[in-house]
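A.B. asks: Sharing coords02.pdb here; it has PDB, N, CA and C atoms.
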```pdb
ATOM      1  N   MET P   1       2.825  -7.875  17.328
ATOM      2  CA  MET P   1       3.381  -6.774  16.584
ATOM      3  C   MET P   1       3.801  -5.687  17.564
ATOM      4  N   THR P   2       4.976  -5.162  17.365
ATOM      5  CA  THR P   2       5.441  -4.059  18.180
ATOM      6  C   THR P   2       4.762  -2.789  17.708
ATOM      7  N   LYS P   3       4.237  -2.030  18.641
ATOM      8  CA  LYS P   3       3.566  -0.789  18.274
ATOM      9  C   LYS P   3       4.516   0.384  18.453
ATOM     10  N   THR P   4       4.482   1.296  17.509
ATOM     11  CA  THR P   4       5.248   2.523  17.633
ATOM     12  C   THR P   4       4.472   3.456  18.554
ATOM     13  N   SER P   5       5.032   4.616  18.826
ATOM     14  CA  SER P   5       4.394   5.533  19.765
ATOM     15  C   SER P   5       2.998   5.957  19.307
ATOM     16  N   ARG P   6       2.746   5.917  18.015
ATOM     17  CA  ARG P   6       1.418   6.290  17.516
ATOM     18  C   ARG P   6       0.591   5.075  17.134
ATOM     19  N   GLY P   7       1.052   3.885  17.458
ATOM     20  CA  GLY P   7       0.334   2.670  17.105
ATOM     21  C   GLY P   7       0.826   2.134  15.778
ATOM     22  N   PRO P   8       0.420   0.920  15.425
ATOM     23  CA  PRO P   8       0.916   0.321  14.185
ATOM     24  C   PRO P   8       0.325   1.007  12.961
ATOM     25  N   TYR P   9       1.124   1.152  11.938
ATOM     26  CA  TYR P   9       0.617   1.718  10.683
ATOM     27  C   TYR P   9       0.006   0.611   9.831
ATOM     28  N   VAL P  10       0.714  -0.499   9.736
ATOM     29  CA  VAL P  10       0.218  -1.629   8.965
ATOM     30  C   VAL P  10      -0.239  -2.700   9.944
ATOM     31  N   ASP P  11      -1.517  -2.726  10.183
ATOM     32  CA  ASP P  11      -2.110  -3.682  11.103
ATOM     33  C   ASP P  11      -2.547  -4.905  10.298
ATOM     34  N   ALA P  12      -2.282  -6.084  10.819
ATOM     35  CA  ALA P  12      -2.643  -7.315  10.107
ATOM     36  C   ALA P  12      -4.129  -7.355   9.751
ATOM     37  N   ALA P  13      -4.956  -6.733  10.561
ATOM     38  CA  ALA P  13      -6.402  -6.745  10.311
ATOM     39  C   ALA P  13      -6.792  -5.859   9.125
ATOM     40  N   THR P  14      -5.989  -4.852   8.800
ATOM     41  CA  THR P  14      -6.331  -3.935   7.715
ATOM     42  C   THR P  14      -5.430  -4.097   6.502
ATOM     43  N   ARG P  15      -4.445  -4.966   6.576
ATOM     44  CA  ARG P  15      -3.479  -5.159   5.490
ATOM     45  C   ARG P  15      -3.995  -6.197   4.501
ATOM     46  N   GLN P  16      -3.770  -5.944   3.212
ATOM     47  CA  GLN P  16      -4.114  -6.912   2.189
ATOM     48  C   GLN P  16      -3.264  -6.668   0.950
ATOM     49  N   THR P  17      -3.267  -7.639   0.055
ATOM     50  CA  THR P  17      -2.506  -7.491  -1.175
ATOM     51  C   THR P  17      -3.460  -7.416  -2.355
ATOM     52  N   ALA P  18      -2.930  -6.868  -3.457
ATOM     53  CA  ALA P  18      -3.716  -6.710  -4.678
ATOM     54  C   ALA P  18      -2.760  -6.786  -5.859
ATOM     55  N   ARG P  19      -3.307  -6.720  -7.056
ATOM     56  CA  ARG P  19      -2.506  -6.684  -8.278
ATOM     57  C   ARG P  19      -2.680  -5.322  -8.939
ATOM     58  N   PHE P  20      -1.554  -4.687  -9.276
ATOM     59  CA  PHE P  20      -1.564  -3.375  -9.903
ATOM     60  C   PHE P  20      -2.169  -3.458 -11.302
ATOM     61  N   LEU P  21      -3.065  -2.521 -11.612
ATOM     62  CA  LEU P  21      -3.670  -2.434 -12.942
ATOM     63  C   LEU P  21      -3.214  -1.186 -13.686
ATOM     64  N   SER P  22      -3.371  -0.010 -13.050
ATOM     65  CA  SER P  22      -3.004   1.236 -13.727
ATOM     66  C   SER P  22      -2.847   2.361 -12.708
ATOM     67  N   ARG P  23      -2.295   3.455 -13.204
ATOM     68  CA  ARG P  23      -2.111   4.641 -12.368
ATOM     69  C   ARG P  23      -2.602   5.857 -13.163
ATOM     70  N   PRO P  24      -3.871   6.211 -13.014
ATOM     71  CA  PRO P  24      -4.439   7.307 -13.802
ATOM     72  C   PRO P  24      -3.844   8.676 -13.498
ATOM     73  N   ASN P  25      -3.353   8.879 -12.267
ATOM     74  CA  ASN P  25      -2.645  10.115 -11.946
ATOM     75  C   ASN P  25      -1.652   9.836 -10.817
ATOM     76  N   ARG P  26      -0.927  10.845 -10.357
ATOM     77  CA  ARG P  26       0.166  10.602  -9.410
ATOM     78  C   ARG P  26      -0.271  10.080  -8.059
ATOM     79  N   PHE P  27      -1.497  10.272  -7.664
ATOM     80  CA  PHE P  27      -1.940   9.846  -6.339
ATOM     81  C   PHE P  27      -3.024   8.766  -6.363
ATOM     82  N   VAL P  28      -3.333   8.232  -7.525
ATOM     83  CA  VAL P  28      -4.390   7.222  -7.645
ATOM     84  C   VAL P  28      -3.839   5.975  -8.339
ATOM     85  N   VAL P  29      -4.156   4.819  -7.765
ATOM     86  CA  VAL P  29      -3.797   3.530  -8.356
ATOM     87  C   VAL P  29      -5.066   2.709  -8.495
ATOM     88  N   ARG P  30      -5.206   2.055  -9.630
ATOM     89  CA  ARG P  30      -6.288   1.088  -9.807
ATOM     90  C   ARG P  30      -5.665  -0.287  -9.650
ATOM     91  N   CYS P  31      -6.326  -1.117  -8.863
ATOM     92  CA  CYS P  31      -5.800  -2.451  -8.602
ATOM     93  C   CYS P  31      -6.937  -3.459  -8.557
ATOM     94  N   SER P  32      -6.558  -4.732  -8.563
ATOM     95  CA  SER P  32      -7.527  -5.814  -8.519
ATOM     96  C   SER P  32      -7.332  -6.613  -7.240
ATOM     97  N   ILE P  33      -8.421  -6.764  -6.492
ATOM     98  CA  ILE P  33      -8.431  -7.602  -5.297
ATOM     99  C   ILE P  33      -9.442  -8.709  -5.551
ATOM    100  N   ASP P  34      -8.954  -9.918  -5.658
ATOM    101  CA  ASP P  34      -9.818 -11.076  -5.937
ATOM    102  C   ASP P  34     -10.704 -10.843  -7.167
ATOM    103  N   GLY P  35     -10.140 -10.224  -8.205
ATOM    104  CA  GLY P  35     -10.866 -10.008  -9.447
ATOM    105  C   GLY P  35     -11.762  -8.789  -9.476
ATOM    106  N   VAL P  36     -11.820  -8.044  -8.366
ATOM    107  CA  VAL P  36     -12.653  -6.840  -8.299
ATOM    108  C   VAL P  36     -11.746  -5.616  -8.346
ATOM    109  N   GLU P  37     -12.048  -4.674  -9.259
ATOM    110  CA  GLU P  37     -11.227  -3.481  -9.413
ATOM    111  C   GLU P  37     -11.535  -2.457  -8.324
ATOM    112  N   HIS P  38     -10.469  -1.869  -7.759
ATOM    113  CA  HIS P  38     -10.589  -0.850  -6.724
ATOM    114  C   HIS P  38      -9.735   0.354  -7.089
ATOM    115  N   THR P  39     -10.174   1.535  -6.665
ATOM    116  CA  THR P  39      -9.392   2.750  -6.799
ATOM    117  C   THR P  39      -8.798   3.048  -5.437
ATOM    118  N   THR P  40      -7.478   3.220  -5.389
ATOM    119  CA  THR P  40      -6.779   3.389  -4.121
ATOM    120  C   THR P  40      -5.920   4.643  -4.139
ATOM    121  N   TYR P  41      -5.554   5.102  -2.951
ATOM    122  CA  TYR P  41      -4.713   6.284  -2.782
ATOM    123  C   TYR P  41      -3.245   5.862  -2.710
ATOM    124  N   LEU P  42      -2.376   6.582  -3.408
ATOM    125  CA  LEU P  42      -0.937   6.351  -3.352
ATOM    126  C   LEU P  42      -0.262   7.628  -2.892
ATOM    127  N   PRO P  43       0.217   7.681  -1.639
ATOM    128  CA  PRO P  43       0.827   8.906  -1.115
ATOM    129  C   PRO P  43       2.287   9.063  -1.545
ATOM    130  N   ASN P  44       2.535   8.940  -2.843
ATOM    131  CA  ASN P  44       3.884   9.065  -3.372
ATOM    132  C   ASN P  44       3.780   9.612  -4.795
ATOM    133  N   PRO P  45       4.188  10.871  -5.022
ATOM    134  CA  PRO P  45       4.036  11.472  -6.339
ATOM    135  C   PRO P  45       5.114  11.067  -7.351
ATOM    136  N   ASP P  46       6.118  10.281  -6.920
ATOM    137  CA  ASP P  46       7.168   9.877  -7.853
ATOM    138  C   ASP P  46       6.586   9.023  -8.974
ATOM    139  N   ARG P  47       7.328   8.888 -10.062
ATOM    140  CA  ARG P  47       6.844   8.133 -11.224
ATOM    141  C   ARG P  47       6.690   6.652 -10.927
ATOM    142  N   LEU P  48       7.671   6.022 -10.297
ATOM    143  CA  LEU P  48       7.629   4.617  -9.890
ATOM    144  C   LEU P  48       7.405   3.660 -11.052
ATOM    145  N   THR P  49       7.834   4.047 -12.252
ATOM    146  CA  THR P  49       7.606   3.219 -13.435
ATOM    147  C   THR P  49       8.350   1.888 -13.375
ATOM    148  N   GLU P  50       9.440   1.822 -12.614
ATOM    149  CA  GLU P  50      10.175   0.570 -12.487
ATOM    150  C   GLU P  50       9.533  -0.375 -11.473
ATOM    151  N   LEU P  51       8.600   0.133 -10.668
ATOM    152  CA  LEU P  51       7.937  -0.676  -9.644
ATOM    153  C   LEU P  51       6.499  -1.024 -10.004
ATOM    154  N   LEU P  52       5.769  -0.062 -10.511
ATOM    155  CA  LEU P  52       4.346  -0.263 -10.778
ATOM    156  C   LEU P  52       4.134  -0.754 -12.208
ATOM    157  N   LEU P  53       4.429  -2.032 -12.386
ATOM    158  CA  LEU P  53       4.247  -2.692 -13.670
ATOM    159  C   LEU P  53       2.950  -3.497 -13.625
ATOM    160  N   SER P  54       2.385  -3.772 -14.770
ATOM    161  CA  SER P  54       1.142  -4.529 -14.844
ATOM    162  C   SER P  54       1.239  -5.833 -14.062
ATOM    163  N   ASN P  55       0.255  -6.068 -13.230
ATOM    164  CA  ASN P  55       0.103  -7.283 -12.430
ATOM    165  C   ASN P  55       1.093  -7.401 -11.267
ATOM    166  N   THR P  56       1.827  -6.341 -10.958
ATOM    167  CA  THR P  56       2.724  -6.350  -9.800
ATOM    168  C   THR P  56       1.900  -6.489  -8.533
ATOM    169  N   ARG P  57       2.398  -7.276  -7.594
ATOM    170  CA  ARG P  57       1.721  -7.430  -6.298
ATOM    171  C   ARG P  57       1.988  -6.173  -5.475
ATOM    172  N   ILE P  58       0.905  -5.527  -5.018
ATOM    173  CA  ILE P  58       1.030  -4.343  -4.173
ATOM    174  C   ILE P  58       0.387  -4.620  -2.819
ATOM    175  N   TRP P  59       0.845  -3.900  -1.829
ATOM    176  CA  TRP P  59       0.348  -4.045  -0.460
ATOM    177  C   TRP P  59      -0.484  -2.815  -0.118
ATOM    178  N   LEU P  60      -1.631  -3.068   0.496
ATOM    179  CA  LEU P  60      -2.579  -2.011   0.839
ATOM    180  C   LEU P  60      -2.914  -2.070   2.316
ATOM    181  N   THR P  61      -3.365  -0.951   2.820
ATOM    182  CA  THR P  61      -3.952  -0.922   4.151
ATOM    183  C   THR P  61      -5.298  -0.207   4.042
ATOM    184  N   ARG P  62      -6.255  -0.661   4.823
ATOM    185  CA  ARG P  62      -7.598  -0.072   4.799
ATOM    186  C   ARG P  62      -7.757   0.878   5.973
ATOM    187  N   SER P  63      -8.226   2.076   5.687
ATOM    188  CA  SER P  63      -8.460   3.075   6.726
ATOM    189  C   SER P  63      -9.691   2.719   7.549
ATOM    190  N   THR P  64      -9.638   3.037   8.808
ATOM    191  CA  THR P  64     -10.815   2.854   9.654
ATOM    192  C   THR P  64     -11.746   4.064   9.560
ATOM    193  N   ASN P  65     -11.301   5.117   8.886
ATOM    194  CA  ASN P  65     -12.098   6.321   8.672
ATOM    195  C   ASN P  65     -13.059   6.058   7.508
ATOM    196  N   THR P  66     -14.316   5.864   7.795
ATOM    197  CA  THR P  66     -15.298   5.512   6.771
ATOM    198  C   THR P  66     -15.681   6.680   5.865
ATOM    199  N   SER P  67     -15.273   7.897   6.190
ATOM    200  CA  SER P  67     -15.634   9.042   5.353
ATOM    201  C   SER P  67     -14.607   9.322   4.250
ATOM    202  N   LYS P  68     -13.522   8.564   4.203
ATOM    203  CA  LYS P  68     -12.508   8.767   3.166
ATOM    204  C   LYS P  68     -13.046   8.396   1.794
ATOM    205  N   LYS P  69     -12.691   9.195   0.799
ATOM    206  CA  LYS P  69     -13.109   8.914  -0.569
ATOM    207  C   LYS P  69     -12.482   7.609  -1.069
ATOM    208  N   MET P  70     -11.213   7.395  -0.729
ATOM    209  CA  MET P  70     -10.515   6.158  -1.081
ATOM    210  C   MET P  70     -10.008   5.515   0.206
ATOM    211  N   PRO P  71     -10.730   4.552   0.750
ATOM    212  CA  PRO P  71     -10.354   3.955   2.031
ATOM    213  C   PRO P  71      -9.108   3.067   1.972
ATOM    214  N   LEU P  72      -8.689   2.656   0.763
ATOM    215  CA  LEU P  72      -7.490   1.833   0.630
ATOM    216  C   LEU P  72      -6.297   2.689   0.235
ATOM    217  N   THR P  73      -5.158   2.452   0.897
ATOM    218  CA  THR P  73      -3.922   3.182   0.614
ATOM    219  C   THR P  73      -2.835   2.189   0.242
ATOM    220  N   VAL P  74      -2.116   2.472  -0.831
ATOM    221  CA  VAL P  74      -0.986   1.641  -1.237
ATOM    222  C   VAL P  74       0.184   1.954  -0.314
ATOM    223  N   VAL P  75       0.756   0.919   0.311
ATOM    224  CA  VAL P  75       1.904   1.124   1.201
ATOM    225  C   VAL P  75       3.173   0.486   0.664
ATOM    226  N   GLY P  76       3.054  -0.420  -0.306
ATOM    227  CA  GLY P  76       4.247  -1.059  -0.834
ATOM    228  C   GLY P  76       3.979  -1.819  -2.120
ATOM    229  N   ALA P  77       5.083  -2.197  -2.789
ATOM    230  CA  ALA P  77       5.014  -3.004  -4.003
ATOM    231  C   ALA P  77       6.161  -4.003  -3.977
ATOM    232  N   GLU P  78       5.933  -5.160  -4.539
ATOM    233  CA  GLU P  78       6.996  -6.158  -4.592
ATOM    234  C   GLU P  78       7.816  -5.978  -5.861
ATOM    235  N   ARG P  79       9.128  -6.113  -5.698
ATOM    236  CA  ARG P  79      10.059  -6.018  -6.825
ATOM    237  C   ARG P  79      11.154  -7.035  -6.602
ATOM    238  N   LEU P  80      11.295  -7.967  -7.525
ATOM    239  CA  LEU P  80      12.309  -9.018  -7.438
ATOM    240  C   LEU P  80      12.230  -9.775  -6.115
ATOM    241  N   GLY P  81      11.000 -10.039  -5.666
ATOM    242  CA  GLY P  81      10.789 -10.808  -4.451
ATOM    243  C   GLY P  81      10.938 -10.040  -3.152
ATOM    244  N   LYS P  82      11.180  -8.744  -3.235
ATOM    245  CA  LYS P  82      11.345  -7.902  -2.036
ATOM    246  C   LYS P  82      10.248  -6.843  -1.991
ATOM    247  N   LEU P  83       9.874  -6.461  -0.782
ATOM    248  CA  LEU P  83       8.870  -5.412  -0.604
ATOM    249  C   LEU P  83       9.542  -4.049  -0.616
ATOM    250  N   VAL P  84       9.036  -3.151  -1.446
ATOM    251  CA  VAL P  84       9.521  -1.772  -1.515
ATOM    252  C   VAL P  84       8.429  -0.880  -0.949
ATOM    253  N   ILE P  85       8.754  -0.139   0.089
ATOM    254  CA  ILE P  85       7.770   0.731   0.732
ATOM    255  C   ILE P  85       7.555   1.976  -0.118
ATOM    256  N   LEU P  86       6.293   2.286  -0.397
ATOM    257  CA  LEU P  86       5.957   3.416  -1.259
ATOM    258  C   LEU P  86       5.328   4.582  -0.524
ATOM    259  N   ASP P  87       4.852   4.382   0.679
ATOM    260  CA  ASP P  87       4.185   5.456   1.424
ATOM    261  C   ASP P  87       5.235   6.377   2.025
ATOM    262  N   THR P  88       5.476   7.496   1.368
ATOM    263  CA  THR P  88       6.511   8.426   1.823
ATOM    264  C   THR P  88       6.147   9.125   3.130
ATOM    265  N   HIS P  89       4.897   9.053   3.542
ATOM    266  CA  HIS P  89       4.475   9.698   4.785
ATOM    267  C   HIS P  89       4.828   8.884   6.020
ATOM    268  N   ALA P  90       5.018   7.599   5.862
ATOM    269  CA  ALA P  90       5.179   6.753   7.050
ATOM    270  C   ALA P  90       6.184   5.618   6.849
ATOM    271  N   THR P  91       7.233   5.859   6.102
ATOM    272  CA  THR P  91       8.189   4.806   5.768
ATOM    273  C   THR P  91       8.771   4.115   6.994
ATOM    274  N   ASN P  92       9.214   4.856   7.975
ATOM    275  CA  ASN P  92       9.823   4.238   9.158
ATOM    276  C   ASN P  92       8.826   3.404   9.953
ATOM    277  N   ARG P  93       7.620   3.902  10.136
ATOM    278  CA  ARG P  93       6.609   3.146  10.878
ATOM    279  C   ARG P  93       6.229   1.871  10.136
ATOM    280  N   ILE P  94       6.102   1.948   8.825
ATOM    281  CA  ILE P  94       5.759   0.773   8.035
ATOM    282  C   ILE P  94       6.872  -0.267   8.141
ATOM    283  N   SER P  95       8.102   0.162   8.065
ATOM    284  CA  SER P  95       9.243  -0.765   8.148
ATOM    285  C   SER P  95       9.208  -1.552   9.456
ATOM    286  N   VAL P  96       9.043  -0.871  10.557
ATOM    287  CA  VAL P  96       9.007  -1.535  11.863
ATOM    288  C   VAL P  96       7.858  -2.529  11.932
ATOM    289  N   ASP P  97       6.683  -2.116  11.508
ATOM    290  CA  ASP P  97       5.514  -2.990  11.580
ATOM    291  C   ASP P  97       5.658  -4.215  10.678
ATOM    292  N   LEU P  98       6.167  -4.051   9.467
ATOM    293  CA  LEU P  98       6.313  -5.191   8.565
ATOM    294  C   LEU P  98       7.395  -6.146   9.035
ATOM    295  N   ILE P  99       8.471  -5.630   9.564
ATOM    296  CA  ILE P  99       9.538  -6.500  10.081
ATOM    297  C   ILE P  99       9.019  -7.307  11.259
ATOM    298  N   ASP P 100       8.235  -6.695  12.112
ATOM    299  CA  ASP P 100       7.715  -7.381  13.286
ATOM    300  C   ASP P 100       6.638  -8.409  12.967
ATOM    301  N   THR P 101       5.928  -8.260  11.851
ATOM    302  CA  THR P 101       4.815  -9.157  11.539
ATOM    303  C   THR P 101       5.141 -10.207  10.509
ATOM    304  N   ASP P 102       6.127  -9.995   9.675
ATOM    305  CA  ASP P 102       6.396 -10.954   8.594
ATOM    306  C   ASP P 102       7.751 -11.579   8.719
TER     307      ASP P 102
END
```
Mind turning the file's structure into structure tokens?

C.D. replies:
Amino acid sequence: MTKTSRGPYVDAATRQTARFLSRPNRFVVRCSIDGVEHTTYLPNPDRLTELLLSNTRIWLTRSTNTSKKMPLTVVGAERLGKLVILDTHATNRISVDLIDTD
């Protein structure tokens, strides 16, 4: 994986997929990973109603910071077989890392 100047944002060791369940507020997503429900952070306040549909495959990254209230962050969602990046804080870094790894 090519690293950006600040290192990779989506590291293969911390990346995983889940299924979207619900969005209780603009920054929180509930998802299922292997049948277990998790509460995750979504750094995108947009509505995203066309992307975050029930059972949509979403991409997450796990923080190495163990003191975070929500250690999992949503970075993308699949739509029509394509990955749509949702993390508005790091879109360019995520794009480079995903292109280099997948």

A.B. asks: For Arg19 in chain P, list every protein, DNA or RNA residue within 6 Å, evaluated using all atoms listed in the file, and leave out those in the same chain fewer than 3 positions away; present the list as a PyMOL selection string.

C.D. replies: chain P and resi 30-33+55-58

A.B. asks: Could you state the separation of CA of Val74 in chain P and CA of Trp59 in chain P in Å, given to one decimal place?

C.D. replies: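 Separating CA of Val74 in chain P from CA of Trp59 in chain P is a distance of 5.9 Å.
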
A.B. asks: With all atoms of range 86-89 of chain P from the file as input, state the centre and edge lengths in Å to one decimal of the axis-aligned box that has 6 Å extra on each side, as JSON.

C.D. replies:
```
{"center_x": 5.3, "center_y": 6.0, "center_z": 2.4, "size_x": 14.3, "size_y": 19.4, "size_z": 19.3}
```

A.B. asks: Check chain P with DSSP on the backbone and list each residue it calls strand (DSSP E), as a count of residues only.

C.D. replies: 41

A.B. asks: Here is a test: counting all atoms listed in the file, which residue of P:Tyr41, P:Arg15, P:Ser63, P:Lys82 is nearest to Phe27 in chain P?

C.D. replies: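 Closest to Phe27 in chain P, using all atoms listed in the file: P:Tyr41.
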
A.B. asks: Please measure the separation of atom N of Gly76 in chain P and atom C of Arg62 in chain P, giving the value in Å to one decimal.

C.D. replies: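 If I compute the distance from atom N of Gly76 in chain P to atom C of Arg62 in chain P, I get 12.6 Å.
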
A.B. asks: Could you check which of P:Arg26, P:Thr61, P:Ile99, P:Asp87 is closest to Asp46 in chain P, using all atoms listed in the file?

C.D. replies: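 Distance minimum relative to Asp46 in chain P lands on P:Arg26.
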